[in-house]
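See below for start.pdb, which holds PDB, C-alpha atoms and all ligand atoms.
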```pdb
ATOM      1  CA  MET A   1      -7.795  83.519  66.784
ATOM      2  CA  LEU A   2      -7.532  85.979  63.924
ATOM      3  CA  LEU A   3      -8.234  89.564  64.941
ATOM      4  CA  GLY A   4      -7.525  91.783  61.922
ATOM      5  CA  THR A   5      -7.067  90.040  58.578
ATOM      6  CA  GLY A   6      -6.565  92.951  56.192
ATOM      7  CA  ALA A   7      -3.467  93.866  54.212
ATOM      8  CA  GLY A   8      -1.782  97.224  54.107
ATOM      9  CA  PRO A   9      -2.405 100.482  55.949
ATOM     10  CA  LEU A  10      -5.927 100.894  54.565
ATOM     11  CA  PRO A  11      -8.480 102.249  57.034
ATOM     12  CA  GLY A  12     -12.227 102.036  56.578
ATOM     13  CA  MET A  13     -12.269  98.577  55.032
ATOM     14  CA  ASN A  14     -14.222  95.454  55.929
ATOM     15  CA  ARG A  15     -11.104  93.833  57.261
ATOM     16  CA  HIS A  16      -9.017  95.504  59.954
ATOM     17  CA  MET A  17      -5.240  95.640  59.783
ATOM     18  CA  GLN A  18      -3.132  92.697  60.913
ATOM     19  CA  SER A  19      -3.341  91.164  64.364
ATOM     20  CA  SER A  20      -3.850  87.683  65.770
ATOM     21  CA  VAL A  21      -3.896  86.173  69.238
ATOM     22  CA  LEU A  22      -2.911  82.692  70.391
ATOM     23  CA  VAL A  23      -4.428  81.473  73.647
ATOM     24  CA  HIS A  24      -3.126  78.633  75.780
ATOM     25  CA  ASP A  25      -4.077  77.856  79.376
ATOM     26  CA  GLY A  26      -5.415  81.356  79.946
ATOM     27  CA  ALA A  27      -2.293  83.070  78.567
ATOM     28  CA  ALA A  28      -2.616  85.210  75.443
ATOM     29  CA  TYR A  29       0.144  85.812  72.908
ATOM     30  CA  LEU A  30      -0.487  88.654  70.521
ATOM     31  CA  VAL A  31       1.013  88.723  67.009
ATOM     32  CA  ASP A  32       1.094  92.173  65.375
ATOM     33  CA  CYS A  33      -0.758  95.323  66.325
ATOM     34  CA  GLY A  34      -2.315  96.895  63.250
ATOM     35  CA  LEU A  35      -5.005  99.546  63.560
ATOM     36  CA  GLY A  36      -8.016  98.049  65.349
ATOM     37  CA  VAL A  37      -6.163  95.527  67.485
ATOM     38  CA  THR A  38      -7.361  96.924  70.810
ATOM     39  CA  ASP A  39     -11.002  96.977  69.817
ATOM     40  CA  LEU A  40     -10.856  93.538  68.218
ATOM     41  CA  TYR A  41      -9.053  92.070  71.213
ATOM     42  CA  ALA A  42     -11.701  93.480  73.560
ATOM     43  CA  ARG A  43     -14.439  91.976  71.385
ATOM     44  CA  THR A  44     -12.995  88.479  71.822
ATOM     45  CA  GLY A  45     -13.945  88.622  75.505
ATOM     46  CA  LEU A  46     -10.388  87.776  76.498
ATOM     47  CA  SER A  47      -9.100  89.685  79.490
ATOM     48  CA  PHE A  48      -6.313  92.204  78.948
ATOM     49  CA  SER A  49      -4.621  90.734  82.000
ATOM     50  CA  ALA A  50      -4.190  87.490  80.029
ATOM     51  CA  VAL A  51      -1.730  89.100  77.606
ATOM     52  CA  ARG A  52       1.644  87.535  78.271
ATOM     53  CA  SER A  53       3.683  88.572  75.251
ATOM     54  CA  ILE A  54       3.431  90.663  72.105
ATOM     55  CA  PHE A  55       5.269  89.832  68.878
ATOM     56  CA  ILE A  56       5.716  92.292  66.022
ATOM     57  CA  THR A  57       6.632  90.745  62.662
ATOM     58  CA  HIS A  58       8.017  93.924  61.097
ATOM     59  CA  GLN A  59       7.929  97.675  61.410
ATOM     60  CA  HIS A  60       5.194  98.574  58.939
ATOM     61  CA  PRO A  61       2.180 100.578  60.117
ATOM     62  CA  ASP A  62      -0.385  97.906  59.325
ATOM     63  CA  HIS A  63       1.508  95.691  61.823
ATOM     64  CA  ASN A  64       2.677  98.082  64.546
ATOM     65  CA  VAL A  65       0.686 101.316  64.551
ATOM     66  CA  GLU A  66      -1.577 100.355  67.446
ATOM     67  CA  TYR A  67       1.089  98.651  69.548
ATOM     68  CA  GLY A  68       1.497 101.646  71.874
ATOM     69  CA  PRO A  69      -2.236 102.382  72.223
ATOM     70  CA  PHE A  70      -2.860  98.683  72.959
ATOM     71  CA  LEU A  71      -0.490  98.981  75.917
ATOM     72  CA  ILE A  72      -2.176 102.100  77.316
ATOM     73  CA  ILE A  73      -5.803 101.053  76.852
ATOM     74  CA  GLY A  74      -4.827  97.568  77.947
ATOM     75  CA  TRP A  75      -3.249  98.899  81.131
ATOM     76  CA  ILE A  76      -6.471 100.715  82.023
ATOM     77  CA  HIS A  77      -8.214  97.348  81.665
ATOM     78  CA  GLY A  78      -5.723  95.239  83.569
ATOM     79  CA  LEU A  79      -2.827  94.584  81.177
ATOM     80  CA  LYS A  80       0.055  93.574  83.388
ATOM     81  CA  GLN A  81       3.260  95.531  83.681
ATOM     82  CA  SER A  82       5.028  92.204  83.141
ATOM     83  CA  VAL A  83       3.918  91.958  79.493
ATOM     84  CA  HIS A  84       6.948  91.309  77.280
ATOM     85  CA  ALA A  85       7.258  92.566  73.706
ATOM     86  CA  PHE A  86       9.478  91.121  70.973
ATOM     87  CA  GLY A  87      10.195  92.411  67.497
ATOM     88  CA  PRO A  88      12.681  93.890  65.070
ATOM     89  CA  PRO A  89      14.651  96.943  66.184
ATOM     90  CA  PRO A  90      13.970  99.660  67.101
ATOM     91  CA  LEU A  91      11.044  98.176  69.052
ATOM     92  CA  ASN A  92      12.658  98.928  72.392
ATOM     93  CA  GLN A  93      13.239 102.558  71.485
ATOM     94  CA  MET A  94       9.744 102.872  70.002
ATOM     95  CA  THR A  95       8.257 101.532  73.227
ATOM     96  CA  GLU A  96      10.261 103.933  75.357
ATOM     97  CA  ASP A  97       9.431 106.884  73.117
ATOM     98  CA  TYR A  98       5.741 106.101  73.042
ATOM     99  CA  LEU A  99       5.410 105.580  76.773
ATOM    100  CA  ARG A 100       7.386 108.773  77.366
ATOM    101  CA  SER A 101       5.043 110.688  75.053
ATOM    102  CA  MET A 102       2.087 109.373  77.065
ATOM    103  CA  LYS A 103       3.594 109.924  80.511
ATOM    104  CA  THR A 104       1.357 112.864  81.435
ATOM    105  CA  THR A 105      -1.712 110.955  80.328
ATOM    106  CA  ILE A 106      -0.635 107.861  82.250
ATOM    107  CA  TYR A 107      -0.037 109.875  85.430
ATOM    108  CA  PHE A 108      -3.399 111.677  85.213
ATOM    109  CA  TRP A 109      -5.153 108.354  84.920
ATOM    110  CA  ALA A 110      -3.076 106.728  87.640
ATOM    111  CA  GLU A 111      -3.813 109.591  90.033
ATOM    112  CA  ASP A 112      -7.514 109.611  89.249
ATOM    113  CA  PHE A 113      -7.985 105.898  89.801
ATOM    114  CA  ASN A 114      -5.244 105.228  92.285
ATOM    115  CA  LEU A 115      -3.365 102.948  89.899
ATOM    116  CA  LYS A 116       0.326 102.293  89.706
ATOM    117  CA  PRO A 117       1.492 104.236  86.624
ATOM    118  CA  PHE A 118       2.329 102.054  83.638
ATOM    119  CA  GLY A 119       6.079 102.132  83.105
ATOM    120  CA  MET A 120       8.527 100.771  80.572
ATOM    121  CA  ILE A 121       7.857  97.115  79.806
ATOM    122  CA  ALA A 122      10.309  94.338  79.050
ATOM    123  CA  CYS A 123      11.035  94.697  75.386
ATOM    124  CA  THR A 124      13.445  92.609  73.356
ATOM    125  CA  ASP A 125      14.806  93.783  70.028
ATOM    126  CA  LEU A 126      15.388  90.881  67.643
ATOM    127  CA  PRO A 127      18.210  91.939  65.317
ATOM    128  CA  GLN A 128      18.422  88.448  63.823
ATOM    129  CA  ALA A 129      16.258  85.378  63.334
ATOM    130  CA  GLY A 130      16.391  82.377  65.638
ATOM    131  CA  PRO A 131      15.040  81.476  69.088
ATOM    132  CA  VAL A 132      12.809  84.247  70.457
ATOM    133  CA  MET A 133      11.468  83.111  73.830
ATOM    134  CA  GLU A 134      10.236  80.117  75.779
ATOM    135  CA  ASP A 135       7.912  79.859  78.753
ATOM    136  CA  GLU A 136       5.902  77.040  80.313
ATOM    137  CA  ASN A 137       3.370  77.160  77.448
ATOM    138  CA  VAL A 138       5.237  77.844  74.265
ATOM    139  CA  LYS A 139       8.533  78.002  72.465
ATOM    140  CA  VAL A 140       8.779  80.748  69.836
ATOM    141  CA  THR A 141      11.260  80.948  66.980
ATOM    142  CA  SER A 142      11.586  83.430  64.150
ATOM    143  CA  VAL A 143      12.637  83.193  60.542
ATOM    144  CA  LEU A 144      13.884  85.995  58.320
ATOM    145  CA  VAL A 145      11.466  86.736  55.500
ATOM    146  CA  GLN A 146      11.743  88.885  52.387
ATOM    147  CA  HIS A 147       9.786  92.131  52.512
ATOM    148  CA  PRO A 148      12.052  94.852  51.143
ATOM    149  CA  PRO A 149      13.028  97.450  52.103
ATOM    150  CA  VAL A 150      11.926  96.385  55.573
ATOM    151  CA  HIS A 151      14.779  94.617  57.311
ATOM    152  CA  PRO A 152      14.603  92.568  59.342
ATOM    153  CA  ALA A 153      11.074  91.244  58.795
ATOM    154  CA  TYR A 154      10.101  87.980  60.473
ATOM    155  CA  GLY A 155       7.781  85.036  60.406
ATOM    156  CA  TYR A 156       7.222  83.298  63.730
ATOM    157  CA  ARG A 157       6.587  79.735  64.768
ATOM    158  CA  PHE A 158       4.804  78.935  68.039
ATOM    159  CA  ASP A 159       5.285  75.420  69.399
ATOM    160  CA  PHE A 160       2.773  74.672  72.124
ATOM    161  CA  ARG A 161       2.596  71.259  73.818
ATOM    162  CA  ASP A 162      -0.416  70.223  71.785
ATOM    163  CA  ARG A 163      -0.032  72.146  68.542
ATOM    164  CA  SER A 164       2.250  74.258  66.394
ATOM    165  CA  ILE A 165       1.250  77.395  64.571
ATOM    166  CA  ALA A 166       3.436  79.295  62.108
ATOM    167  CA  PHE A 167       2.972  82.834  60.765
ATOM    168  CA  SER A 168       4.571  83.893  57.502
ATOM    169  CA  GLY A 169       4.513  87.609  58.253
ATOM    170  CA  ASP A 170       4.678  89.725  55.093
ATOM    171  CA  THR A 171       6.862  88.088  52.491
ATOM    172  CA  VAL A 172       7.328  86.827  48.978
ATOM    173  CA  PRO A 173       6.941  83.041  48.678
ATOM    174  CA  LEU A 174       9.909  81.690  50.570
ATOM    175  CA  GLU A 175      11.420  78.250  51.095
ATOM    176  CA  ALA A 176      12.538  79.479  54.508
ATOM    177  CA  VAL A 177       8.889  79.838  55.522
ATOM    178  CA  ALA A 178       8.178  76.271  54.367
ATOM    179  CA  ASP A 179      11.160  75.104  56.409
ATOM    180  CA  MET A 180      10.035  77.027  59.474
ATOM    181  CA  ALA A 181       6.480  75.715  59.196
ATOM    182  CA  ARG A 182       7.484  72.096  58.497
ATOM    183  CA  GLY A 183       5.040  69.721  60.168
ATOM    184  CA  ALA A 184       3.097  72.515  61.902
ATOM    185  CA  ASP A 185      -0.621  72.072  62.463
ATOM    186  CA  VAL A 186      -1.424  75.498  61.074
ATOM    187  CA  LEU A 187       0.343  77.935  58.771
ATOM    188  CA  VAL A 188      -1.097  81.440  58.707
ATOM    189  CA  HIS A 189       0.153  82.933  55.458
ATOM    190  CA  GLU A 190      -0.327  86.239  53.693
ATOM    191  CA  ALA A 191      -1.768  86.051  50.176
ATOM    192  CA  MET A 192      -2.300  88.162  47.094
ATOM    193  CA  ASP A 193      -4.627  87.702  44.130
ATOM    194  CA  VAL A 194      -2.420  89.266  41.475
ATOM    195  CA  GLN A 195      -5.111  89.990  38.914
ATOM    196  CA  ALA A 196      -7.494  91.590  41.416
ATOM    197  CA  THR A 197      -4.596  93.521  42.946
ATOM    198  CA  GLU A 198      -3.690  94.945  39.549
ATOM    199  CA  GLU A 199      -7.281  96.029  39.041
ATOM    200  CA  MET A 200      -7.384  97.678  42.463
ATOM    201  CA  VAL A 201      -4.052  99.429  41.991
ATOM    202  CA  ARG A 202      -5.070 100.680  38.545
ATOM    203  CA  ARG A 203      -8.223 102.103  40.053
ATOM    204  CA  GLU A 204      -6.877 103.547  43.283
ATOM    205  CA  SER A 205      -3.125 104.123  43.147
ATOM    206  CA  THR A 206      -3.487 107.720  41.989
ATOM    207  CA  GLN A 207      -5.064 108.470  45.363
ATOM    208  CA  TRP A 208      -1.927 107.258  47.133
ATOM    209  CA  HIS A 209       0.459 110.179  46.727
ATOM    210  CA  ASP A 210       0.447 109.713  42.972
ATOM    211  CA  VAL A 211       2.252 106.392  43.211
ATOM    212  CA  SER A 212       2.293 104.989  39.686
ATOM    213  CA  PHE A 213       0.756 101.657  38.741
ATOM    214  CA  GLY A 214       4.206 100.315  37.867
ATOM    215  CA  THR A 215       5.761 101.395  41.154
ATOM    216  CA  MET A 216       2.958  99.945  43.226
ATOM    217  CA  MET A 217       2.838  96.629  41.369
ATOM    218  CA  HIS A 218       6.624  96.354  41.572
ATOM    219  CA  HIS A 219       6.289  96.695  45.354
ATOM    220  CA  MET A 220       3.483  94.146  45.490
ATOM    221  CA  ARG A 221       5.445  91.558  43.523
ATOM    222  CA  ALA A 222       8.690  92.164  45.408
ATOM    223  CA  ASP A 223       7.013  92.004  48.815
ATOM    224  CA  HIS A 224       4.002  89.700  48.755
ATOM    225  CA  SER A 225       2.918  86.165  47.855
ATOM    226  CA  PRO A 226       0.613  85.192  44.971
ATOM    227  CA  ILE A 227      -2.058  82.852  46.314
ATOM    228  CA  GLU A 228      -0.990  79.854  44.195
ATOM    229  CA  GLU A 229       2.538  80.148  45.585
ATOM    230  CA  VAL A 230       1.158  80.283  49.126
ATOM    231  CA  GLY A 231      -0.391  76.878  48.469
ATOM    232  CA  ARG A 232       2.936  75.568  47.190
ATOM    233  CA  ILE A 233       4.745  76.732  50.326
ATOM    234  CA  ALA A 234       2.063  75.186  52.567
ATOM    235  CA  GLN A 235       2.266  71.890  50.669
ATOM    236  CA  LYS A 236       6.037  71.869  50.935
ATOM    237  CA  ALA A 237       5.785  72.560  54.661
ATOM    238  CA  GLY A 238       3.364  69.663  55.041
ATOM    239  CA  VAL A 239       1.035  71.593  57.325
ATOM    240  CA  LYS A 240      -2.439  70.256  58.048
ATOM    241  CA  THR A 241      -4.240  73.573  57.714
ATOM    242  CA  LEU A 242      -3.473  76.709  55.737
ATOM    243  CA  VAL A 243      -5.087  79.877  57.056
ATOM    244  CA  LEU A 244      -5.112  82.906  54.780
ATOM    245  CA  SER A 245      -4.798  86.303  56.398
ATOM    246  CA  HIS A 246      -3.413  89.655  55.197
ATOM    247  CA  MET A 247      -5.085  89.281  51.824
ATOM    248  CA  THR A 248      -4.528  91.682  48.945
ATOM    249  CA  PRO A 249      -6.846  93.082  47.786
ATOM    250  CA  ASP A 250      -8.604  92.293  50.977
ATOM    251  CA  SER A 251     -11.473  94.452  51.799
ATOM    252  CA  THR A 252     -13.384  95.338  48.759
ATOM    253  CA  GLY A 253     -15.103  91.993  48.342
ATOM    254  CA  LEU A 254     -13.539  91.688  44.900
ATOM    255  CA  VAL A 255     -12.155  88.270  45.599
ATOM    256  CA  PRO A 256     -14.703  85.788  46.929
ATOM    257  CA  ASP A 257     -13.578  83.124  49.403
ATOM    258  CA  GLU A 258     -13.983  80.431  46.739
ATOM    259  CA  LYS A 259     -11.414  82.144  44.532
ATOM    260  CA  TRP A 260      -8.857  82.249  47.340
ATOM    261  CA  ILE A 261      -9.452  78.563  48.016
ATOM    262  CA  GLN A 262      -9.217  77.716  44.326
ATOM    263  CA  GLY A 263      -5.861  79.506  44.071
ATOM    264  CA  ALA A 264      -4.368  77.932  47.174
ATOM    265  CA  SER A 265      -5.600  74.444  46.320
ATOM    266  CA  ARG A 266      -3.710  74.351  43.046
ATOM    267  CA  TYR A 267      -0.740  73.002  45.017
ATOM    268  CA  PHE A 268      -1.989  72.570  48.582
ATOM    269  CA  LYS A 269      -3.995  69.469  49.396
ATOM    270  CA  GLY A 270      -4.760  70.106  53.072
ATOM    271  CA  LYS A 271      -7.498  72.147  54.694
ATOM    272  CA  ILE A 272      -7.742  75.811  53.614
ATOM    273  CA  ILE A 273      -9.402  78.462  55.738
ATOM    274  CA  VAL A 274     -10.018  81.941  54.349
ATOM    275  CA  GLY A 275      -9.443  84.222  57.303
ATOM    276  CA  HIS A 276     -11.932  86.818  58.434
ATOM    277  CA  ASP A 277     -11.749  89.214  61.369
ATOM    278  CA  LEU A 278     -12.428  87.594  64.747
ATOM    279  CA  MET A 279     -12.391  84.069  63.322
ATOM    280  CA  VAL A 280     -11.581  81.406  65.905
ATOM    281  CA  ILE A 281      -9.488  78.502  64.644
TER
HETATM  282 ZN    ZN B   1       1.395  94.209  55.913
END
```
What is this structure when it is put down as structure tokens?
Ligand SMILES: [Zn+2]
Amino acid sequence: MLLGTGAGPLPGMNRHMQSSVLVHDGAAYLVDCGLGVTDLYARTGLSFSAVRSIFITHQHPDHNVEYGPFLIIGWIHGLKQSVHAFGPPPLNQMTEDYLRSMKTTIYFWAEDFNLKPFGMIACTDLPQAGPVMEDENVKVTSVLVQHPPVHPAYGYRFDFRDRSIAFSGDTVPLEAVADMARGADVLVHEAMDVQATEEMVRRESTQWHDVSFGTMMHHMRADHSPIEEVGRIAQKAGVKTLVLSHMTPDSTGLVPDEKWIQGASRYFKGKIIVGHDLMVI
């Protein structure tokens, strides 16, 4: 299920920042925690106690900023102390620091409602790509993607018994993502419409700390994937379904769904789904 499908740390848009959840046999696996994840998760009707693991692709705010708040609000609603988080360093330190900063709040709430205070969770830093975890439902592996200057930044592949789902994370078009996703049922890939992004940046970049058009577009090209290239990667991977999420420009309605599909289908011949918040796949 897609939760937030937006790109970048842009509040107030139609699409929320990045987050997705995979559900298998009553266990929920959360991928990324952009702003809005807690609210969107609650709206799915899934129980917070179902959350087994949390995976962060990379340490950018549109992917991690609500990770801590998700833990605290989740705890109040039954999130288990046994939840296990995985992600690039310094995730462990960030978790400790956040929970320490909230200690007084946690203890007030615990005292008021006779709860066991939420303490430090199991948290695994992933300094390099490779196997991430395995339980009775799923085997998770990561691949290093290219999203400078963020290092490491990962894509993840989830192999369940009955299906495989790969996430590109934020990256330029990468053969390594095609390799990771090879034969998967679903590839969830970020995407950028270059022309519409240029128009948006030209219009709005002066509001972003006076970042110049050239600087912003250099970042976009060095860090993200033009939609046609996303289709090429999906075709190379041989996936059945390509799901677009983290779309740039995402929220302004400038790029209709048909245009995304047209771009991706230049090279990809499978099923294409344009992601929207709270879409169940
Ligand atoms: Zn992002």
Evaluate the PyMOL selection byres (((not hetatm)) within 9 of (chain B and resi 1)) and report residues as a ChimeraX atom specification: /A:6-9,17-18,34,58,60-63,169-171,190,224,246
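Across A:His189, A:Lys103, A:Lys116, A:His151, the tightest approach to Pro89 of chain A is made by A:His151 when counting only C-alpha atoms.
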From A:Gln59, A:Thr215, A:Asn64, A:Gln235, residue lying nearest Glu198 of chain A [all atoms listed in the file]: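 Nearest candidate to Glu198 of chain A out of A:Gln59, A:Thr215, A:Asn64, A:Gln235: A:Thr215.
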Between atom CA of Ile56 of chain A and atom CA of Leu2 of chain A - distance in Å to one decimal: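 About the pair atom CA of Leu2 of chain A and atom CA of Ile56 of chain A: they are 14.8 Å apart.
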Pick from A:Pro249, A:Gly130, A:Gly183, A:Pro226, whichever lies nearest to Asn14 of chain A using all atoms listed in the file: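 Among A:Pro249, A:Gly130, A:Gly183, A:Pro226, it is A:Pro249 that comes nearest to Asn14 of chain A.
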Please check which residues have atoms at most 12 Å from (-4.1, 73.8, 82.3) in the file's coordinates, counting only C-alpha atoms, and write them as a CSV table (one decimal) with C-alpha atoms, keeping the file's coordinate frame.
```csv
chain,number,residue,atom,x,y,z
A,23,VAL,CA,-4.4,81.5,73.6
A,24,HIS,CA,-3.1,78.6,75.8
A,25,ASP,CA,-4.1,77.9,79.4
A,26,GLY,CA,-5.4,81.4,79.9
A,27,ALA,CA,-2.3,83.1,78.6
A,136,GLU,CA,5.9,77.0,80.3
A,137,ASN,CA,3.4,77.2,77.4
A,161,ARG,CA,2.6,71.3,73.8
A,162,ASP,CA,-0.4,70.2,71.8
```
Residues within 10 Å of Lys80 of chain A, all atoms listed in the file, excluding chain neighbours under 4 positions, as a list in words: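 My list of contacting residues is Phe48, Ser49, Ala50, Val51, Arg52, Leu71, Gly74, Trp75, Ile76, His84, Phe118 and Ile121 of chain A.
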Test item: residues at most 7 Å from Thr241 of chain A, all atoms listed in the file, excluding those fewer than 3 positions along its chain, as a VMD selection string: chain A and resid 185 to 187 270 to 272
Export, as a tab-separated table (two decimals), in the frame of the given file, the selected residues with C-alpha atoms.
```
chain	number	residue	atom	x	y	z
A	185	ASP	CA	-0.62	72.07	62.46
A	186	VAL	CA	-1.42	75.50	61.07
A	187	LEU	CA	0.34	77.94	58.77
A	270	GLY	CA	-4.76	70.11	53.07
A	271	LYS	CA	-7.50	72.15	54.69
A	272	ILE	CA	-7.74	75.81	53.61
```
Pick from A:Gln81, A:Ala178, A:Val21, A:Ile72, whichever lies nearest to Met102 of chain A using only C-alpha atoms: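 Among the listed residues, the smallest separation from Met102 of chain A belongs to A:Ile72.
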Answer key for the PyMOL selection byres (((chain A and resi 125) around 8) and not hetatm), residues as a PyMOL selection string: chain A and resi 86-92+123-124+126-127
Who sits within 12 Å of Met217 of chain A, only C-alpha atoms, same chain under 6 positions skipped, as a list in words: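 In the requested format, the answer is Met192, Asp193, Val194, Gln195, Ala196, Thr197, Glu198, Glu199, Met200, Val201, Arg202, Ser205, Val211, Asp223, His224 and Thr248 of chain A.
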Option closest in space to Met180 of chain A, from A:Met220, A:Val143, A:Ile261, A:Leu3 [counting only C-alpha atoms]: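 The closest residue to Met180 of chain A is A:Val143.
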Pick from A:Arg15, A:Arg163, A:Arg182, A:Lys139 nearest to Lys236 of chain A, counting only C-alpha atoms: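 Using only C-alpha atoms, Lys236 of chain A sits closest to A:Arg182.
Every residue that the PyMOL selection byres (((chain A and resi 142) around 7) and not hetatm) selects in this file is listed here: Ala129, Gly130, Pro131, Val132, Val140, Thr141, Val143, Leu144, Tyr154, Gly155, Tyr156 and Arg157 of chain A.
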Using all atoms of segment 72-85 of chain A listed in the file and a margin of 4 Å per side, can you give the axis-aligned box centre and edge lengths in Å to one decimal, as JSON?
```
{"center_x": -0.5, "center_y": 96.7, "center_z": 78.7, "size_x": 23.5, "size_y": 18.8, "size_z": 18.0}
```
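Separating atom CA of Thr95 of chain A from atom CA of Thr57 of chain A is a distance of 15.2 Å.
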